[in-house]
Structure formats: structure tokens, C-alpha cells
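Student: Data file model_24.txt (compact mmCIF, C-alpha atoms and all ligand atoms) is appended below.
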```txt
# COMPACT_ATOMS: atom_id res chain seq x y z
CA MET I 1 -60.93 45.90 -84.66
CA ALA I 2 -57.26 46.52 -83.84
CA HIS I 3 -56.69 48.94 -80.98
CA GLN I 4 -53.73 51.17 -80.56
CA GLU I 5 -51.50 50.22 -77.60
CA PRO I 6 -49.16 53.08 -76.80
CA LYS I 7 -45.72 52.02 -75.55
CA GLY I 8 -42.74 53.62 -73.85
CA PRO I 9 -41.61 54.57 -70.36
CA ASP I 10 -44.03 57.47 -70.06
CA VAL I 11 -47.02 55.74 -71.58
CA TYR I 12 -49.48 56.96 -68.96
CA GLN I 13 -48.11 60.48 -68.73
CA GLU I 14 -48.28 60.91 -72.49
CA ASN I 15 -51.41 58.97 -73.40
CA PHE I 16 -53.76 58.48 -70.49
CA GLU I 17 -56.67 60.87 -70.90
CA PRO I 18 -58.58 61.29 -67.62
CA THR I 19 -61.75 62.59 -69.24
CA SER I 20 -61.91 59.51 -71.52
CA TYR I 21 -61.25 57.21 -68.59
CA LEU I 22 -63.97 58.88 -66.55
CA ASP I 23 -66.51 57.82 -69.20
CA TYR I 24 -66.40 54.43 -67.48
CA TYR I 25 -67.83 56.02 -64.38
CA LYS I 26 -70.85 57.72 -65.93
CA MET I 27 -73.77 55.79 -64.55
CA ASN I 28 -77.02 54.95 -66.35
CA GLN I 29 -75.50 55.15 -69.85
CA ASP I 30 -74.51 51.60 -70.62
CA PRO I 31 -75.89 48.50 -68.83
CA ILE I 32 -72.56 46.62 -69.03
CA GLY I 33 -70.66 49.63 -67.72
CA ASP I 34 -73.16 49.94 -64.88
CA GLU I 35 -72.76 46.27 -64.07
CA VAL I 36 -68.97 46.60 -63.80
CA LEU I 37 -69.23 49.72 -61.71
CA HIS I 38 -71.84 48.16 -59.42
CA PHE I 39 -69.53 45.18 -58.96
CA LEU I 40 -66.63 47.44 -57.94
CA LEU I 41 -68.72 49.52 -55.60
CA LYS I 42 -70.19 46.42 -53.96
CA HIS I 43 -66.68 45.04 -53.53
CA TYR I 44 -65.51 48.18 -51.74
CA ASN I 45 -68.70 48.31 -49.73
CA ALA I 46 -68.12 44.74 -48.50
CA THR I 47 -64.41 45.36 -47.83
CA PHE I 48 -64.96 48.46 -45.74
CA LYS I 49 -68.21 47.48 -44.04
CA PRO I 50 -68.45 48.00 -40.27
CA GLY I 51 -66.29 45.31 -38.67
CA GLY I 52 -64.38 44.94 -41.97
CA LEU I 53 -61.15 46.54 -43.05
CA GLU I 54 -60.45 49.67 -41.07
CA GLY I 55 -57.45 51.64 -39.94
CA LYS I 56 -55.66 54.91 -39.62
CA LEU I 57 -54.12 55.43 -43.03
CA LEU I 58 -55.19 54.12 -46.45
CA ILE I 59 -52.78 54.74 -49.33
CA ASN I 60 -54.22 54.21 -52.81
CA ILE I 61 -51.52 53.70 -55.48
CA GLY I 62 -52.51 54.76 -59.01
CA SER I 63 -55.75 56.46 -58.05
CA GLY I 64 -56.17 57.87 -61.54
CA PRO I 65 -58.78 60.62 -61.81
CA THR I 66 -61.34 58.67 -59.74
CA ILE I 67 -62.66 58.86 -56.19
CA TYR I 68 -65.31 56.09 -56.27
CA GLN I 69 -62.78 53.73 -54.61
CA PHE I 70 -62.73 55.90 -51.48
CA LEU I 71 -66.45 56.31 -50.93
CA SER I 72 -66.94 53.26 -48.72
CA ALA I 73 -63.51 53.59 -47.10
CA CYS I 74 -63.87 57.11 -45.83
CA GLU I 75 -65.82 56.01 -42.75
CA SER I 76 -63.30 53.27 -41.89
CA PHE I 77 -60.04 55.19 -42.30
CA GLN I 78 -59.01 58.41 -40.63
CA GLU I 79 -56.84 59.47 -43.53
CA ILE I 80 -56.80 58.47 -47.20
CA ILE I 81 -53.90 59.34 -49.50
CA ALA I 82 -54.62 59.24 -53.24
CA THR I 83 -51.55 58.96 -55.49
CA ASP I 84 -50.97 58.91 -59.21
CA TYR I 85 -48.21 59.15 -61.74
CA THR I 86 -49.66 61.61 -64.24
CA ASP I 87 -50.13 65.36 -63.90
CA LYS I 88 -53.50 65.31 -65.63
CA ASN I 89 -54.92 62.74 -63.20
CA LEU I 90 -53.71 64.71 -60.20
CA GLN I 91 -55.22 67.88 -61.68
CA GLU I 92 -58.53 66.05 -62.10
CA LEU I 93 -58.46 64.98 -58.44
CA GLU I 94 -57.62 68.52 -57.39
CA LYS I 95 -60.59 69.80 -59.40
CA TRP I 96 -62.81 67.47 -57.41
CA LEU I 97 -61.26 68.46 -54.06
CA LYS I 98 -61.72 72.15 -54.83
CA LYS I 99 -65.15 71.68 -56.42
CA MET I 100 -63.90 73.44 -59.52
CA PRO I 101 -66.10 74.10 -62.57
CA GLY I 102 -66.33 71.26 -65.07
CA VAL I 103 -65.39 68.63 -62.53
CA PHE I 104 -66.70 65.11 -63.12
CA ASP I 105 -70.09 64.57 -61.48
CA TRP I 106 -69.76 61.73 -58.98
CA SER I 107 -73.21 62.24 -57.47
CA PRO I 108 -74.92 59.21 -59.15
CA VAL I 109 -72.06 57.02 -57.89
CA VAL I 110 -72.23 58.53 -54.42
CA LYS I 111 -75.99 57.96 -54.38
CA TYR I 112 -75.53 54.29 -55.32
CA VAL I 113 -72.95 53.81 -52.56
CA CYS I 114 -75.27 55.44 -50.03
CA GLU I 115 -77.98 52.99 -51.10
CA LEU I 116 -75.56 50.09 -50.58
CA GLU I 117 -74.87 51.21 -47.03
CA GLY I 118 -78.37 49.94 -46.14
CA ASN I 119 -77.54 46.51 -47.48
CA ARG I 120 -74.05 45.06 -47.54
CA LEU I 121 -70.86 41.57 -50.13
CA PRO I 122 -66.92 39.80 -50.28
CA ALA I 123 -63.39 40.24 -52.12
CA PRO I 124 -60.26 38.49 -53.89
CA PRO I 125 -56.33 39.06 -54.65
CA PRO I 126 -53.53 37.33 -57.06
CA GLN I 127 -49.62 36.80 -59.07
CA ALA I 128 -46.25 39.62 -60.93
CA CYS I 129 -45.96 43.22 -62.07
CA ARG I 130 -46.37 40.95 -59.06
CA HIS I 131 -42.83 41.84 -58.20
CA ALA I 132 -43.86 45.47 -57.79
CA LEU I 133 -46.91 44.46 -55.81
CA ARG I 134 -44.74 42.30 -53.57
CA HIS I 135 -42.56 45.33 -53.02
CA LEU I 136 -45.59 47.44 -52.18
CA ARG I 137 -46.53 44.85 -49.61
CA THR I 138 -43.17 45.30 -47.88
CA LEU I 139 -44.06 48.96 -47.37
CA LEU I 140 -47.18 48.12 -45.39
CA ARG I 141 -47.25 48.39 -41.65
CA PRO I 142 -47.87 45.06 -39.82
CA GLY I 143 -51.57 44.33 -40.26
CA GLY I 144 -51.81 46.70 -43.25
CA HIS I 145 -53.73 45.62 -46.36
CA LEU I 146 -53.27 46.02 -50.11
CA SER I 147 -56.42 46.17 -52.21
CA GLY I 148 -56.75 46.46 -56.02
CA SER I 149 -57.86 44.99 -59.38
CA PHE I 150 -55.15 42.34 -59.30
CA LYS I 151 -56.79 40.00 -61.82
CA THR I 152 -57.26 42.62 -64.54
CA THR I 153 -54.69 42.29 -67.35
CA PHE I 154 -55.68 45.24 -69.54
CA PHE I 155 -58.32 47.90 -69.99
CA MET I 156 -59.37 50.33 -72.74
CA VAL I 157 -59.50 54.10 -72.56
CA GLY I 158 -61.13 55.31 -75.77
CA ASP I 159 -59.37 53.30 -78.49
CA LYS I 160 -56.18 52.85 -76.49
CA ARG I 161 -55.32 49.69 -74.63
CA PHE I 162 -53.40 49.83 -71.33
CA ARG I 163 -51.75 46.82 -69.73
CA LEU I 164 -51.89 46.11 -66.03
CA CYS I 165 -49.98 43.23 -64.54
CA PRO I 166 -49.57 40.65 -67.38
C1 LIG M 201 -56.54 51.76 -64.62
S1 LIG M 201 -56.07 53.32 -63.95
C2 LIG M 201 -56.86 53.08 -62.40
C3 LIG M 201 -57.49 54.33 -61.87
C4 LIG M 201 -58.31 54.12 -60.61
N1 LIG M 201 -57.51 53.54 -59.55
C5 LIG M 201 -59.54 53.27 -60.82
O1 LIG M 201 -59.74 52.35 -60.03
O2 LIG M 201 -60.33 53.54 -61.71
C6 LIG M 201 -54.36 53.03 -63.59
C7 LIG M 201 -53.68 54.26 -63.00
O3 LIG M 201 -52.38 53.89 -62.55
C8 LIG M 201 -51.52 55.00 -62.79
N2 LIG M 201 -50.14 54.52 -62.83
C9 LIG M 201 -49.54 53.85 -63.84
N3 LIG M 201 -48.26 53.59 -63.52
C10 LIG M 201 -48.06 54.10 -62.28
C11 LIG M 201 -46.95 54.14 -61.40
N4 LIG M 201 -45.78 53.62 -61.75
N5 LIG M 201 -47.12 54.73 -60.20
C12 LIG M 201 -48.32 55.26 -59.84
N6 LIG M 201 -49.41 55.26 -60.64
C13 LIG M 201 -49.28 54.68 -61.83
C14 LIG M 201 -51.98 55.58 -64.10
O4 LIG M 201 -51.60 56.93 -64.23
C15 LIG M 201 -53.49 55.38 -64.00
O5 LIG M 201 -54.09 56.54 -63.48
```
For this file, produce the structure as C-alpha cells.
Tutor:
Amino acid sequence: MAHQEPKGPDVYQENFEPTSYLDYYKMNQDPIGDEVLHFLLKHYNATFKPGGLEGKLLINIGSGPTIYQFLSACESFQEIIATDYTDKNLQELEKWLKKMPGVFDWSPVVKYVCELEGNRLPAPPPQACRHALRHLRTLLRPGGHLSGSFKTTFFMVGDKRFRLCP
């Protein structure tokens, strides 16, 4: 089946639908989805385990409407800054911060992460929008780290396909 791939400079602002994207983070609905999410959560759990990556400030670029990526980090960093490009994603994060009605329910994900805390796994990086990533690296303080899905080339949100670094 051919999927629509929106194009243009404002592709995320105009097309990225946070509520559709959040479907990926609904646990116990689809075994493959659960497997991917478990993989991500285990990765973060291993990265931010005690004695692992820790620091004062963690800046997450392109946080989207999600907070799962911060759950294991919040014990290891004093401050976490979530950033995104689209208004709708930032509104979704604000809804979560303010516990507003209709906010996405992260509790099954939080529960899974809490269960992982009893146990504890390792992590990889990559190549160019690599140019942009290289630039991001120059913004890090000495000893700072950059973490992300560097090997992913595209992902689907509903029937729309979004490219990451080709
Ligand atoms: C695949 S989503 C990732 C969301 C979340 N980090 C996660 O792990 O599920 C990619 C996000 O990057 C954001 N984004 C795209 N271009 C960006 C840019 N130039 N600066 C900051 N964020 C950007 C999009 O708005 C989108 O929310």
C-alpha cells in the first residue's frame, strides 16, 4: 500500500498529529508495538542506570508529544529540557505537565519502567542529517552526551510517512 509522505519546509508543523503518534505508546494493544516500546524503555533504563549516564542538564531535541524518554533519566539529571518544533506537540506536553483533562495516559509505561528499575541493559549511535547531529554535538558541554534513534530512517504516523536522517 502506498503511503502519503508530506513534503515542504513545515512538514511537521502542518502534518504531524500528536494524538496519532501517541498511539505508538499505548501499551498492551499490539504485541509488536509493545516489543518496540519495551526495547526503547530498556535502552533508556540501561543508559541512565545508577553509575551510568548522569549529569546536571539533559536537553532532548524533538521531544514530540512524549515523555517516556525521560522516565529513567529523571533520577540521573537535575534538570531535563524537552524541546520540539511544533505547537501541537508542545501543547500536548503542557497538558501532561498541568495534568489537564484528556491528557495521554502514561501510567502503563511508567509502571513498566518502575518494574525495570528492579532489573537493569546497553545502547548504540551512527552517520548525516548527520551534519545537523554533528552540529548538535558542538553545542554539548565537555563530557556531555547525545542520545537518540540515530539508526531510524523513517517512521509512520497514521498513514503518513516521516523521514529521519536518510
Ligand atoms: C519521531 S518524533 C520523535 C518524538 C519523541 N522524541 C519520541 O521519541 O517518540 C520527531 C519529532 O521531531 C520534531 N522535529 C522535527 N524537526 C525538528 C526540528 N528541526 N527541531 C526540533 N524538533 C523537530 C517533530 O516535531 C517530532 O515531534
Student: Using all atoms listed in the file, can you tell me which of I:Ala73, I:Gln91, I:Leu140, I:Gly8 comes closest to Leu41 (chain I)?
Tutor: I:Ala73
Student: Hey, which residues sit close to ligand LIG 201 (chain M)? Say within 7 Å, counting all atoms listed in the file, and write them as a PDB file with C-alpha atoms, in the coordinates of the input.
Tutor:
```
ATOM      1  CA  TYR I  12     -49.480  56.960 -68.960  1.00  0.00           C
ATOM      2  CA  GLN I  13     -48.110  60.480 -68.730  1.00  0.00           C
ATOM      3  CA  PHE I  16     -53.760  58.480 -70.490  1.00  0.00           C
ATOM      4  CA  ILE I  61     -51.520  53.700 -55.480  1.00  0.00           C
ATOM      5  CA  GLY I  62     -52.510  54.760 -59.010  1.00  0.00           C
ATOM      6  CA  SER I  63     -55.750  56.460 -58.050  1.00  0.00           C
ATOM      7  CA  GLY I  64     -56.170  57.870 -61.540  1.00  0.00           C
ATOM      8  CA  PRO I  65     -58.780  60.620 -61.810  1.00  0.00           C
ATOM      9  CA  THR I  66     -61.340  58.670 -59.740  1.00  0.00           C
ATOM     10  CA  GLN I  69     -62.780  53.730 -54.610  1.00  0.00           C
ATOM     11  CA  THR I  83     -51.550  58.960 -55.490  1.00  0.00           C
ATOM     12  CA  ASP I  84     -50.970  58.910 -59.210  1.00  0.00           C
ATOM     13  CA  TYR I  85     -48.210  59.150 -61.740  1.00  0.00           C
ATOM     14  CA  THR I  86     -49.660  61.610 -64.240  1.00  0.00           C
ATOM     15  CA  ASN I  89     -54.920  62.740 -63.200  1.00  0.00           C
ATOM     16  CA  PHE I 155     -58.320  47.900 -69.990  1.00  0.00           C
TER      17      PHE I 155
END
```
Student: Quick one: pull the distance between CA of Val36 (chain I) and CA of Leu116 (chain I), Å, one decimal.
Tutor: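 It comes out at 15.2 Å.
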Student: Here is a test: counting all atoms listed in the file, which residue of I:Asn60, I:Gln4, I:Asn15, I:Ser20 is nearest to Ser147 (chain I)?
Tutor: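 Among I:Asn60, I:Gln4, I:Asn15, I:Ser20, it is I:Asn60 that comes nearest to Ser147 (chain I).
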Student: Nearest to Asp105 (chain I) among I:Phe39, I:Tyr68, I:Phe162, I:Phe48, with distances taken over all atoms listed in the file: which residue is it?
Tutor: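 Once distances to Asp105 (chain I) are computed over all atoms listed in the file, the minimum belongs to I:Tyr68.
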Student: Which residue out of I:Pro101, I:Pro108, I:Leu136, I:Thr152 has the minimum interatomic distance to Lys26 (chain I) when all atoms listed in the file are used?
Tutor: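 For Lys26 (chain I), the nearest of the given residues is I:Pro108.
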Student: From the list I:Gly55, I:Thr138, I:Val109, I:Leu164, which residue is nearest Asp34 (chain I) when using all atoms listed in the file?
Tutor: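 Under the stated criterion, the closest residue is I:Val109.
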Student: Can you tell me how far CA of Tyr112 (chain I) sits from CA of Gln29 (chain I), in Å to one decimal?
Tutor: 14.6 Å
Student: For Leu71 (chain I), which of I:Lys49, I:Arg161, I:Arg141, I:Lys88 is the closest residue, counting only C-alpha atoms?
Tutor: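 Of I:Lys49, I:Arg161, I:Arg141, I:Lys88, the one nearest Leu71 (chain I), counting only C-alpha atoms, is I:Lys49.
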Student: What gap, in Å, lies between CA of Leu40 (chain I) and CA of Glu115 (chain I)?
Tutor: 14.4 Å
Student: Set up a box along x, y and z of the file covering all listed atoms of region 23-31 of chain I, add 5 Å on every one of the six sides, and write the centre and edge lengths in Å to one decimal, as lines of an AutoDock Vina configuration file.
Tutor:
```
center_x = -71.7
center_y = 53.2
center_z = -67.5
size_x = 20.6
size_y = 19.3
size_z = 16.2
```
